[in-house]
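Working notes for the structure below.
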2 protein chains.
Amino acid sequence: MAEDHNVVRNGIKSLLEHESDMEVVGDVSNGVEALEAMDDGIHPQIVLVDLSMPEMGGMELIRNMSLSFPYISPIVLSMADHEQYVIEAMAAGARGYLLKNVTQNELVFAIRHVAGGGQYVCSELAIRMILKNASLPDLVQPDINGNFDFTKREMEVLKLISEGYTNNQIADKLFTSRRTVEGHRQSLIEKTGVPNSAALIMNSVRAGILK
Amino acid sequence: MAEDHNVVRNGIKSLLEHESDMEVVGDVSNGVEALEAMDDGIHPQIVLVDLSMPEMGGMELIRNMSLSFPYISPIVLSMADHEQYVIEAMAAGARGYLLKNVTQNELVFAIRHVAGGGQYVCSELAIRMILKNASLPDLVQPDINGNFDFTKREMEVLKLISEGYTNNQIADKLFTSRRTVEGHRQSLIEKTGVPNSAALIMNSVRAGILK
DNA sequence: TTTTAATCAGGTATAAATACGCAATGCATT
DNA sequence: AATGCATTGCGTATTTATACCTGATTAAAA
């Protein structure tokens with residue numbers, strides 16, 4: 001555990017020690033101490049990391065850890081419920097992100113889940129982010145899609161083109177002939193009024209047809 | 001439980017009955033039967049709902065439930081990992097969404113969490129949706145794609161490629177030779193580790209390099 | 001100062017895409 | 001029954017892209 005508030009640290013510590021399959025092998029109050037402990041051979045499966053700590057904060061600790069000790073999984077345990085932090089932390093190498101108001105059950109589950117190789121964001125944050133970020137695309141895209149009318153087959157071909165497959169490879173995947181795929185490709189290009197496949201992809205992404 | 005595959009239903013059922021605080025009070029194989037059971041007075045705290053069922057599917061069941069039995073919490077348990085389904089289901093009134101490949105631990109935790117008034121989306125889906133829909137361009141993608149450092153010239157060429165120009169046309173615009181442009185194009189493709197220009201564009205847009 | 005990286009450029013060869021014309025099938029709508 | 005449309009498929013020709021190789025110049029970094 002890396003957490004600068006003693007009360008919090010000890011509270012969570014005693015909480016976890018009640019779990020028969022968990023053991024707190026070290027607790028430090030900032031990132032520098034955490035790295036020192038790991039250099040000294042303390043290599044836990046999981047490190048619970050607070051974001052705001054003196055000396056070296058949690059984000060920097062995670063970045064350092066993922067370079068030096070990639071097999072140790074950091075889980076952020078923070079009060080900061082800014083969604084950007086979640087993204088940033090996960091990008092930096094965190095395997096989980098928990099708010100400090102999670103229940104004991106969720107904390108324990110998250111630790112086991114990450115220890116088992118999973119990733120976890122606490123449900124409160126996850127739900128909020130999902131409903132917030134995903135509601136727009138759902139409403140916007142159907143409208144944008146309306147302007148183009150690609151057929152099902154053309155959509156399949158379009159997707160495979162965007163993934164870099166050649167006409168021959170696409171033909172194999174769709175169990176049809178190269179010439180047919182060529183036909184679909186051309187019809188895609190004609191419909192979008194674009195000179196070639198690169199521009200077709202660009203256009204389709206902009207129009208929200210490709211994700 | 002509302003699930004049309006007997007084996008699945010019975011498997012999960014026996015799984016849950018091992019939990020001392022859980023009891024399966026009814027199991028049906030489609031939405032109509034589920035509503036009938038509730039009309040007959042069977043009012044569980046939680047209903048595990050499969051999306052694809054005959055007669056009445058899970059989505060419709062959830063919509064009906066949230067009108068007639070708002071105090072019963074539906075949790076989707078489905079193989080469908082389309083992200084739109086998550087949004088749709090939650091909007092329809094589901095309090096949770098689980099993929100069928102969740103671990104027993106996660107299933108049990110999710111049920112308790114929802115029973116306690118929370119909402120839950122299984123971590124696999126949650127993580128995927130969060131990282132995908134949030135501002136990937138700035139934070140996540142650079143880490144995933146790693147070695148994206150295109151030079152100024154490469155960026156110019158990349159932009160022109162995305163606009164559909166051929167190597168020759170690009171050469172004219174940049175007052176250089178076709179061969180040089182070809183070189184830049186290849187280096188772009190190599191750096192991104194992608195097979196051709198269409199995939200290059202797709203990748204660059206996703207990474208937020210092209211806008 | 002040596003080295004690295006970017007930009008430039010040519011050669012050669014193959015693979016792939018683009019452009020055009022043509023036509024049969026199946027499927028749904030009118 | 002007829003119409004439109006999607007899907008399928010072939011042939012031919014040209015253009016473009018891709019995959020290798022090579023090397024020169026310049027500017028910045030080690």
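Scheme for the structure tokens: letters A, B, ... for chains in order shown; per-chain residue numbers from 1; ligand numbers from 1 in order shown.
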
Open item on the list: I'd like the neighbourhood of B:Gly164 as number ranges by chain, where a residue qualifies if any of its atoms comes within 8 Å (using only C-alpha atoms (C1' of nucleotides)), though same-chain residues fewer than 4 positions away should be ignored.
Closed with: A: 194-200; B: 160

Could the residues in this selection be saved with C-alpha atoms as a PDB file, in the first residue's frame?
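Writing done, so here's part_2.pdb:
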ATOM      1  CA  VAL A 194     -13.380   9.839 -53.401  1.00  0.00           C
ATOM      2  CA  PRO A 195     -10.329   8.906 -55.481  1.00  0.00           C
ATOM      3  CA  ASN A 196      -8.983   5.841 -53.668  1.00  0.00           C
ATOM      4  CA  SER A 197      -9.103   3.556 -50.662  1.00  0.00           C
ATOM      5  CA  ALA A 198      -7.009   5.692 -48.346  1.00  0.00           C
ATOM      6  CA  ALA A 199      -9.390   8.596 -48.822  1.00  0.00           C
ATOM      7  CA  LEU A 200     -12.319   6.215 -48.527  1.00  0.00           C
TER       8      LEU A 200
ATOM      9  CA  LEU B 160      -2.066  14.181 -48.402  1.00  0.00           C
TER      10      LEU B 160
END

TODO: Could you list, as a PyMOL selection string, the residues of chain D having an atom within 12 Å of chain B when counting only C-alpha atoms (C1' of nucleotides)?
DONE: chain D and resi 15-20

For the residues in the current selection, export N, CA and C atoms (P, O5', C5', C4', C3', O3' and C1' of nucleotides) as a CSV table (one decimal), in the first residue's frame.
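Saved file out-v2.csv follows:
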chain,number,residue,atom,x,y,z
D,15,DT,P,-1.4,4.7,-67.9
D,15,DT,O5',-1.6,4.8,-66.3
D,15,DT,C5',-2.9,5.1,-65.8
D,15,DT,C4',-2.9,4.8,-64.3
D,15,DT,C3',-1.7,5.5,-63.6
D,15,DT,O3',-2.3,6.2,-62.5
D,15,DT,C1',-1.9,3.2,-63.0
D,16,DT,P,-1.4,7.2,-61.6
D,16,DT,O5',-1.3,6.5,-60.2
D,16,DT,C5',-2.1,5.3,-60.0
D,16,DT,C4',-1.8,4.6,-58.7
D,16,DT,C3',-0.7,5.2,-57.8
D,16,DT,O3',-1.2,5.3,-56.5
D,16,DT,C1',-0.3,2.9,-58.3
D,17,DA,P,-0.3,5.7,-55.3
D,17,DA,O5',0.1,4.2,-54.7
D,17,DA,C5',-1.0,3.3,-54.4
D,17,DA,C4',-0.5,2.0,-53.9
D,17,DA,C3',0.5,2.1,-52.7
D,17,DA,O3',0.1,1.1,-51.8
D,17,DA,C1',1.5,0.9,-54.5
D,18,DT,P,0.8,1.1,-50.3
D,18,DT,O5',1.9,-0.1,-50.5
D,18,DT,C5',1.4,-1.4,-50.8
D,18,DT,C4',2.6,-2.3,-51.1
D,18,DT,C3',3.7,-2.3,-50.0
D,18,DT,O3',3.8,-3.6,-49.6
D,18,DT,C1',4.6,-2.2,-52.2
D,19,DA,P,4.8,-3.9,-48.3
D,19,DA,O5',6.2,-4.4,-49.0
D,19,DA,C5',6.1,-5.4,-50.0
D,19,DA,C4',7.5,-5.7,-50.5
D,19,DA,C3',8.6,-5.5,-49.4
D,19,DA,O3',9.4,-6.7,-49.4
D,19,DA,C1',9.1,-4.4,-51.4
D,20,DC,P,10.2,-7.0,-48.0
D,20,DC,O5',11.7,-7.1,-48.5
D,20,DC,C5',12.4,-5.9,-48.6
D,20,DC,C4',13.3,-6.1,-49.9
D,20,DC,C3',14.6,-5.3,-49.8
D,20,DC,O3',15.6,-6.1,-49.1
D,20,DC,C1',13.5,-4.9,-51.8

Task: Near-C:DT3 list (12 Å; only C-alpha atoms (C1' of nucleotides); drop same-chain fewer than 6 positions) as a ChimeraX atom specification - done: /D:28-30

- [ ] Could you pull out the residues in stretch 59-118 of chain A that DSSP calls helix (DSSP H, G or I) from the backbone, as a PyMOL selection string?
- [x] chain A and resi 59-68+83-92+104-115

Save out the residues we just selected, N, CA and C atoms, as a tab-separated table (two decimals), in the first residue's frame.
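In the end it all went to selection.tsv:
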chain	number	residue	atom	x	y	z
A	59	MET	N	0.56	8.70	-9.85
A	59	MET	CA	0.68	8.56	-11.30
A	59	MET	C	2.12	8.29	-11.70
A	60	GLU	N	3.00	9.03	-11.09
A	60	GLU	CA	4.42	8.86	-11.42
A	60	GLU	C	4.92	7.50	-10.91
A	61	LEU	N	4.44	7.13	-9.75
A	61	LEU	CA	4.81	5.83	-9.20
A	61	LEU	C	4.42	4.71	-10.16
A	62	ILE	N	3.20	4.83	-10.67
A	62	ILE	CA	2.70	3.79	-11.57
A	62	ILE	C	3.55	3.72	-12.84
A	63	ARG	N	3.88	4.88	-13.36
A	63	ARG	CA	4.70	4.90	-14.57
A	63	ARG	C	6.05	4.23	-14.32
A	64	ASN	N	6.63	4.56	-13.17
A	64	ASN	CA	7.91	3.95	-12.83
A	64	ASN	C	7.79	2.44	-12.63
A	65	MET	N	6.73	2.07	-11.92
A	65	MET	CA	6.52	0.65	-11.64
A	65	MET	C	6.37	-0.17	-12.91
A	66	SER	N	5.59	0.37	-13.86
A	66	SER	CA	5.30	-0.43	-15.05
A	66	SER	C	6.55	-0.62	-15.90
A	67	LEU	N	7.55	0.23	-15.67
A	67	LEU	CA	8.82	0.03	-16.36
A	67	LEU	C	9.70	-0.96	-15.61
A	68	SER	N	9.84	-0.72	-14.30
A	68	SER	CA	10.79	-1.52	-13.52
A	68	SER	C	10.20	-2.82	-13.01
A	83	GLU	N	-12.70	11.69	-14.36
A	83	GLU	CA	-12.63	10.59	-15.32
A	83	GLU	C	-11.31	10.56	-16.08
A	84	GLN	N	-10.75	11.74	-16.26
A	84	GLN	CA	-9.48	11.78	-16.97
A	84	GLN	C	-8.40	11.00	-16.22
A	85	TYR	N	-8.47	11.06	-14.88
A	85	TYR	CA	-7.49	10.34	-14.08
A	85	TYR	C	-7.54	8.85	-14.35
A	86	VAL	N	-8.76	8.36	-14.54
A	86	VAL	CA	-8.91	6.92	-14.80
A	86	VAL	C	-8.16	6.55	-16.06
A	87	ILE	N	-8.45	7.30	-17.12
A	87	ILE	CA	-7.79	7.04	-18.39
A	87	ILE	C	-6.28	7.15	-18.24
A	88	GLU	N	-5.87	8.25	-17.62
A	88	GLU	CA	-4.44	8.50	-17.49
A	88	GLU	C	-3.76	7.39	-16.70
A	89	ALA	N	-4.40	7.01	-15.60
A	89	ALA	CA	-3.80	5.97	-14.75
A	89	ALA	C	-3.72	4.64	-15.49
A	90	MET	N	-4.78	4.28	-16.18
A	90	MET	CA	-4.77	3.01	-16.90
A	90	MET	C	-3.72	3.05	-18.01
A	91	ALA	N	-3.63	4.20	-18.66
A	91	ALA	CA	-2.63	4.34	-19.71
A	91	ALA	C	-1.23	4.23	-19.13
A	92	ALA	N	-1.06	4.73	-17.92
A	92	ALA	CA	0.26	4.70	-17.29
A	92	ALA	C	0.63	3.29	-16.83
A	104	GLN	N	-16.29	-2.70	1.05
A	104	GLN	CA	-15.25	-3.68	1.33
A	104	GLN	C	-15.32	-4.83	0.31
A	105	ASN	N	-16.54	-5.23	0.02
A	105	ASN	CA	-16.72	-6.31	-0.94
A	105	ASN	C	-16.10	-5.98	-2.30
A	106	GLU	N	-16.35	-4.75	-2.74
A	106	GLU	CA	-15.83	-4.40	-4.06
A	106	GLU	C	-14.32	-4.29	-4.03
A	107	LEU	N	-13.79	-3.76	-2.96
A	107	LEU	CA	-12.33	-3.67	-2.83
A	107	LEU	C	-11.71	-5.05	-2.91
A	108	VAL	N	-12.24	-5.94	-2.13
A	108	VAL	CA	-11.70	-7.30	-2.07
A	108	VAL	C	-11.85	-8.01	-3.42
A	109	PHE	N	-13.02	-7.83	-4.02
A	109	PHE	CA	-13.23	-8.45	-5.32
A	109	PHE	C	-12.26	-7.90	-6.35
A	110	ALA	N	-12.09	-6.58	-6.34
A	110	ALA	CA	-11.21	-5.94	-7.32
A	110	ALA	C	-9.78	-6.46	-7.19
A	111	ILE	N	-9.33	-6.60	-5.95
A	111	ILE	CA	-7.96	-7.09	-5.74
A	111	ILE	C	-7.81	-8.51	-6.27
A	112	ARG	N	-8.76	-9.35	-5.97
A	112	ARG	CA	-8.68	-10.73	-6.47
A	112	ARG	C	-8.75	-10.75	-7.99
A	113	HIS	N	-9.60	-9.89	-8.51
A	113	HIS	CA	-9.79	-9.86	-9.96
A	113	HIS	C	-8.50	-9.44	-10.66
A	114	VAL	N	-7.88	-8.42	-10.16
A	114	VAL	CA	-6.63	-7.94	-10.77
A	114	VAL	C	-5.51	-8.96	-10.55
A	115	ALA	N	-5.48	-9.53	-9.36
A	115	ALA	CA	-4.47	-10.55	-9.09
A	115	ALA	C	-4.61	-11.72	-10.06

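Among the candidate residues A:Ser187, A:Thr103, A:Gln119, A:Asn10, the one lying nearest to chain C is A:Ser187, with distances computed using only C-alpha atoms (C1' of nucleotides).
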
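DSSP, applied to the backbone of this structure, assigns strand (DSSP E) to the following residues of stretch 2-211 of chain B: Ile46, Val47, Leu48, Val49, Ser73, Pro74, Ile75, Val76, Leu77, Ser78, Gly96, Tyr97, Leu98, Leu99, Tyr120 and Val121 of chain B.
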
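Shell of B:Asp81 at 10 Å, with only C-alpha atoms (C1' of nucleotides) counted and residues fewer than 4 places along the chain excluded, is Tyr85, Val86, Tyr97, Leu98, Leu99, Lys100, Glu124 and Leu125 of chain B.
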
Writer output for current selection, N, CA and C atoms, as a PDB file, in the first residue's frame:
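Output file selection.pdb follows:
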ATOM      1  N   TYR B  85     -25.519  -2.721 -26.870  1.00  0.00           N
ATOM      2  CA  TYR B  85     -26.471  -3.472 -26.058  1.00  0.00           C
ATOM      3  C   TYR B  85     -26.399  -3.040 -24.600  1.00  0.00           C
ATOM      4  N   VAL B  86     -25.204  -2.771 -24.138  1.00  0.00           N
ATOM      5  CA  VAL B  86     -25.035  -2.351 -22.750  1.00  0.00           C
ATOM      6  C   VAL B  86     -25.818  -1.071 -22.501  1.00  0.00           C
ATOM      7  N   TYR B  97     -24.934  -5.573 -16.268  1.00  0.00           N
ATOM      8  CA  TYR B  97     -24.721  -6.233 -17.554  1.00  0.00           C
ATOM      9  C   TYR B  97     -23.470  -7.098 -17.430  1.00  0.00           C
ATOM     10  N   LEU B  98     -23.661  -8.393 -17.583  1.00  0.00           N
ATOM     11  CA  LEU B  98     -22.532  -9.318 -17.451  1.00  0.00           C
ATOM     12  C   LEU B  98     -22.390 -10.141 -18.720  1.00  0.00           C
ATOM     13  N   LEU B  99     -21.160 -10.392 -19.110  1.00  0.00           N
ATOM     14  CA  LEU B  99     -20.913 -11.339 -20.201  1.00  0.00           C
ATOM     15  C   LEU B  99     -20.901 -12.747 -19.611  1.00  0.00           C
ATOM     16  N   LYS B 100     -21.193 -13.714 -20.455  1.00  0.00           N
ATOM     17  CA  LYS B 100     -21.291 -15.060 -19.918  1.00  0.00           C
ATOM     18  C   LYS B 100     -19.938 -15.654 -19.551  1.00  0.00           C
ATOM     19  N   GLU B 124     -14.688  -6.661 -17.879  1.00  0.00           N
ATOM     20  CA  GLU B 124     -14.155  -6.784 -19.240  1.00  0.00           C
ATOM     21  C   GLU B 124     -14.783  -5.741 -20.154  1.00  0.00           C
ATOM     22  N   LEU B 125     -16.103  -5.666 -20.097  1.00  0.00           N
ATOM     23  CA  LEU B 125     -16.811  -4.690 -20.926  1.00  0.00           C
ATOM     24  C   LEU B 125     -16.533  -3.264 -20.481  1.00  0.00           C
TER      25      LEU B 125
END

Per residue of chain C within 8 Å of chain B, record the nearest atom pair and its distance in Å to one decimal, counting only C-alpha atoms (C1' of nucleotides), with rows in chain order and ascending residue number, as JSON lines.
{"residue": "C:DA6", "atom": "C1'", "partner": "B:Thr151", "partner_atom": "CA", "distance": 7.8}
{"residue": "C:DC8", "atom": "C1'", "partner": "B:Thr180", "partner_atom": "CA", "distance": 6.3}
{"residue": "C:DA9", "atom": "C1'", "partner": "B:Thr180", "partner_atom": "CA", "distance": 6.3}
{"residue": "C:DG10", "atom": "C1'", "partner": "B:Arg179", "partner_atom": "CA", "distance": 7.8}

Open item on the list: Can you pull out the residues contacting A:Leu77? Cut-off 10 Å, using only C-alpha atoms (C1' of nucleotides), and skip same-chain residues under 6 positions away; I want them as a count of residues only.
Closed with: 18

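Atom CA of B:Ile201 is found 8.1 Å from atom CA of B:Ile161.
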
TODO: Name all residues at most 9 Å from A:Ala126 (count only C-alpha atoms (C1' of nucleotides); drop same-chain ones fewer than 2 positions away) and give them as JSON, numbers by chain.
DONE: {"A": [120, 121, 122, 123, 124, 128, 129, 130, 131], "B": [120, 121, 123, 126, 127, 129, 130]}

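Distances to chain B were evaluated for A:Ala171, A:Met155, A:Ile46, A:Ile189 using only C-alpha atoms, and the minimum falls at A:Ile189.
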
- [ ] Return the single residue from B:Val76, B:Met202, B:Ala34, B:Ala207 that is closest to chain A, with distances computed using only C-alpha atoms.
- [x] B:Met202

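Note that the spacing between atom CA of B:Glu190 and atom CA of A:Lys159 amounts to 21.1 Å.
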
TODO: Compare B:Glu17, B:Phe150, B:Gly118, B:Val157 by their minimum atom-to-atom distance to chain A, counting only C-alpha atoms, and give me the closest one.
DONE: B:Gly118
